[in-house]
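These notes concern the structure reproduced below.
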Amino acid sequence: MKSLFGSNILDPATASWFRLFQKSPEFIRYYLPWRRSLVSSQAPLVDEVPWMNYEVILWLEHYLRRDMRVFEWGSGGSTFFWAKRVAQVISVEHVCEWYEAVLKRIQNTKALNVDLSLVEPQFMDLTPDDCYRASHPLYNGYSFHAYVTTIDAF
């Protein structure tokens, strides 16, 4: 596919966007944020962007209000996205190293409305039916019960 600005061949992802525009021209508003995310060479934690599609992100930007509270399992770019838009963010993380990275960013950005907790999975005897076990081999034998039920306190 040729670009609008000459005979340069578009990369496959951009070509996919142009095919999408042909079907649904309103999606052009999501193209620039996506393109910036590629060029910035930043991680979502630095870009403060959640791992969601841009249609959802743009919808959330209009939906969220300063009087809201957000609970999230898994911290990162979304934590800072919420923090800029709501009164309080309660975030629970299960990976110690990532928790430390996010905590450092919270301290550096002075995101005072973020309550970040580390709740690591616990190694224990699990039955095959245990609904708090993970399917990832790294967590074989670990229960996420405490992590999942953290929301019950709120």
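Each chain of the structure tokens is named A, B, ... in the order shown, its residues numbered from 1; ligands are numbered from 1 in display order.
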
_When DSSP is applied to the backbone of this structure, which of range 7-137 of chain A are assigned alpha helix (DSSP H)? Write them out as a ChimeraX atom specification._
/A:12-23,28-39,44-47,54-63,77-83,96-109

Selection to disk with C-alpha atoms, as a PDB file, in the first residue's frame:
```
ATOM      1  CA  PRO A  12       1.795  -3.777   7.873  1.00  0.00           C
ATOM      2  CA  ALA A  13       0.314  -2.288  11.057  1.00  0.00           C
ATOM      3  CA  THR A  14      -0.256   1.105   9.448  1.00  0.00           C
ATOM      4  CA  ALA A  15      -1.692  -0.583   6.368  1.00  0.00           C
ATOM      5  CA  SER A  16      -4.139  -2.379   8.684  1.00  0.00           C
ATOM      6  CA  TRP A  17      -5.190   0.970  10.106  1.00  0.00           C
ATOM      7  CA  PHE A  18      -5.842   2.349   6.636  1.00  0.00           C
ATOM      8  CA  ARG A  19      -8.019  -0.670   5.804  1.00  0.00           C
ATOM      9  CA  LEU A  20      -9.913  -0.018   9.045  1.00  0.00           C
ATOM     10  CA  PHE A  21     -10.386   3.651   8.078  1.00  0.00           C
ATOM     11  CA  GLN A  22     -11.931   2.572   4.796  1.00  0.00           C
ATOM     12  CA  LYS A  23     -14.546   0.528   6.664  1.00  0.00           C
ATOM     13  CA  ILE A  28      -9.056   7.754  12.540  1.00  0.00           C
ATOM     14  CA  ARG A  29      -9.114   9.483  15.934  1.00  0.00           C
ATOM     15  CA  TYR A  30      -7.413   6.399  17.470  1.00  0.00           C
ATOM     16  CA  TYR A  31      -4.617   6.287  14.944  1.00  0.00           C
ATOM     17  CA  LEU A  32      -2.536   9.198  16.280  1.00  0.00           C
ATOM     18  CA  PRO A  33      -2.447   7.970  19.908  1.00  0.00           C
ATOM     19  CA  TRP A  34      -1.456   4.515  18.671  1.00  0.00           C
ATOM     20  CA  ARG A  35       1.250   5.959  16.409  1.00  0.00           C
ATOM     21  CA  ARG A  36       2.626   8.113  19.257  1.00  0.00           C
ATOM     22  CA  SER A  37       2.847   5.013  21.435  1.00  0.00           C
ATOM     23  CA  LEU A  38       5.174   3.429  18.867  1.00  0.00           C
ATOM     24  CA  VAL A  39       7.357   6.484  18.362  1.00  0.00           C
ATOM     25  CA  PRO A  44       3.260   2.226  29.347  1.00  0.00           C
ATOM     26  CA  LEU A  45       4.427   3.043  32.873  1.00  0.00           C
ATOM     27  CA  VAL A  46       6.203   6.150  31.582  1.00  0.00           C
ATOM     28  CA  ASP A  47       3.580   6.995  28.954  1.00  0.00           C
ATOM     29  CA  TYR A  54      -7.605   3.269  22.197  1.00  0.00           C
ATOM     30  CA  GLU A  55     -11.345   3.304  21.713  1.00  0.00           C
ATOM     31  CA  VAL A  56     -11.734   2.271  25.360  1.00  0.00           C
ATOM     32  CA  ILE A  57      -9.089   4.747  26.546  1.00  0.00           C
ATOM     33  CA  LEU A  58     -10.780   7.655  24.767  1.00  0.00           C
ATOM     34  CA  TRP A  59     -14.166   6.597  26.127  1.00  0.00           C
ATOM     35  CA  LEU A  60     -12.735   6.439  29.663  1.00  0.00           C
ATOM     36  CA  GLU A  61     -11.247   9.922  29.301  1.00  0.00           C
ATOM     37  CA  HIS A  62     -14.782  11.255  28.860  1.00  0.00           C
ATOM     38  CA  TYR A  63     -16.460   8.961  31.379  1.00  0.00           C
ATOM     39  CA  GLY A  77       0.530   2.793  33.065  1.00  0.00           C
ATOM     40  CA  SER A  78      -3.150   2.474  33.908  1.00  0.00           C
ATOM     41  CA  THR A  79      -2.440   3.400  37.536  1.00  0.00           C
ATOM     42  CA  PHE A  80      -1.199   6.826  36.474  1.00  0.00           C
ATOM     43  CA  PHE A  81      -3.919   7.190  33.849  1.00  0.00           C
ATOM     44  CA  TRP A  82      -6.557   6.696  36.596  1.00  0.00           C
ATOM     45  CA  ALA A  83      -4.675   8.889  39.085  1.00  0.00           C
ATOM     46  CA  CYS A  96       7.456  -7.738  43.755  1.00  0.00           C
ATOM     47  CA  GLU A  97       9.899  -6.259  41.230  1.00  0.00           C
ATOM     48  CA  TRP A  98       7.108  -4.525  39.300  1.00  0.00           C
ATOM     49  CA  TYR A  99       5.563  -3.290  42.546  1.00  0.00           C
ATOM     50  CA  GLU A 100       8.901  -1.642  43.416  1.00  0.00           C
ATOM     51  CA  ALA A 101       9.124   0.017  39.975  1.00  0.00           C
ATOM     52  CA  VAL A 102       5.577   1.367  40.202  1.00  0.00           C
ATOM     53  CA  LEU A 103       6.086   2.515  43.793  1.00  0.00           C
ATOM     54  CA  LYS A 104       9.209   4.419  42.757  1.00  0.00           C
ATOM     55  CA  ARG A 105       7.261   6.091  39.937  1.00  0.00           C
ATOM     56  CA  ILE A 106       4.444   6.980  42.359  1.00  0.00           C
ATOM     57  CA  GLN A 107       6.974   8.640  44.659  1.00  0.00           C
ATOM     58  CA  ASN A 108       8.702  10.459  41.766  1.00  0.00           C
ATOM     59  CA  THR A 109       5.462  11.778  40.304  1.00  0.00           C
TER      60      THR A 109
END
```

Range 20-95 of chain A residues near range 111-133 of chain A within 9 Å, closest pair each, using only C-alpha atoms, as CSV:
```
residue,atom,partner,partner_atom,distance
A:Ser75,CA,A:Leu116,CA,8.0
A:Thr79,CA,A:Val114,CA,7.6
A:Phe80,CA,A:Ala111,CA,7.6
A:Trp82,CA,A:Val114,CA,9.0
A:Ala83,CA,A:Asn113,CA,6.4
A:Lys84,CA,A:Ala111,CA,8.4
A:Val86,CA,A:Asn113,CA,8.4
A:Ala87,CA,A:Asn113,CA,6.5
A:Gln88,CA,A:Asn113,CA,4.9
A:Val89,CA,A:Val114,CA,4.7
A:Ile90,CA,A:Asp115,CA,4.8
A:Ser91,CA,A:Leu116,CA,4.8
A:Val92,CA,A:Ser117,CA,4.8
A:Glu93,CA,A:Leu118,CA,5.0
A:His94,CA,A:Glu120,CA,4.4
A:Val95,CA,A:Glu120,CA,6.5
```

Output C-alpha atoms for every residue in that selection, as a compact mmCIF listing (two decimals), in the first residue's frame.
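What ended up in out.txt:
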```txt
# COMPACT_ATOMS: atom_id res chain seq x y z
CA SER A 75 -0.47 -1.75 38.32
CA THR A 79 -2.44 3.40 37.54
CA PHE A 80 -1.20 6.83 36.47
CA TRP A 82 -6.56 6.70 36.60
CA ALA A 83 -4.67 8.89 39.09
CA LYS A 84 -4.91 11.91 36.79
CA VAL A 86 -10.19 10.18 39.67
CA ALA A 87 -10.09 10.90 43.40
CA GLN A 88 -8.46 7.64 44.47
CA VAL A 89 -6.76 4.65 42.86
CA ILE A 90 -6.47 1.40 44.76
CA SER A 91 -4.06 -0.88 42.95
CA VAL A 92 -2.92 -4.35 43.95
CA GLU A 93 0.17 -5.89 42.39
CA HIS A 94 1.45 -9.46 42.71
CA VAL A 95 4.99 -9.15 41.23
```

TODO: From a DSSP pass on the backbone, collect the residues of chain A flagged as strand (DSSP E or B) and hand them back as number ranges by chain.
DONE: A: 2, 9, 69-73, 88-93, 114-118, 122-123, 133, 142-143

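For the atom pair formed by CA of Tyr139 in chain A and CA of Ile151 in chain A, the distance is 21.1 Å, given to one decimal.
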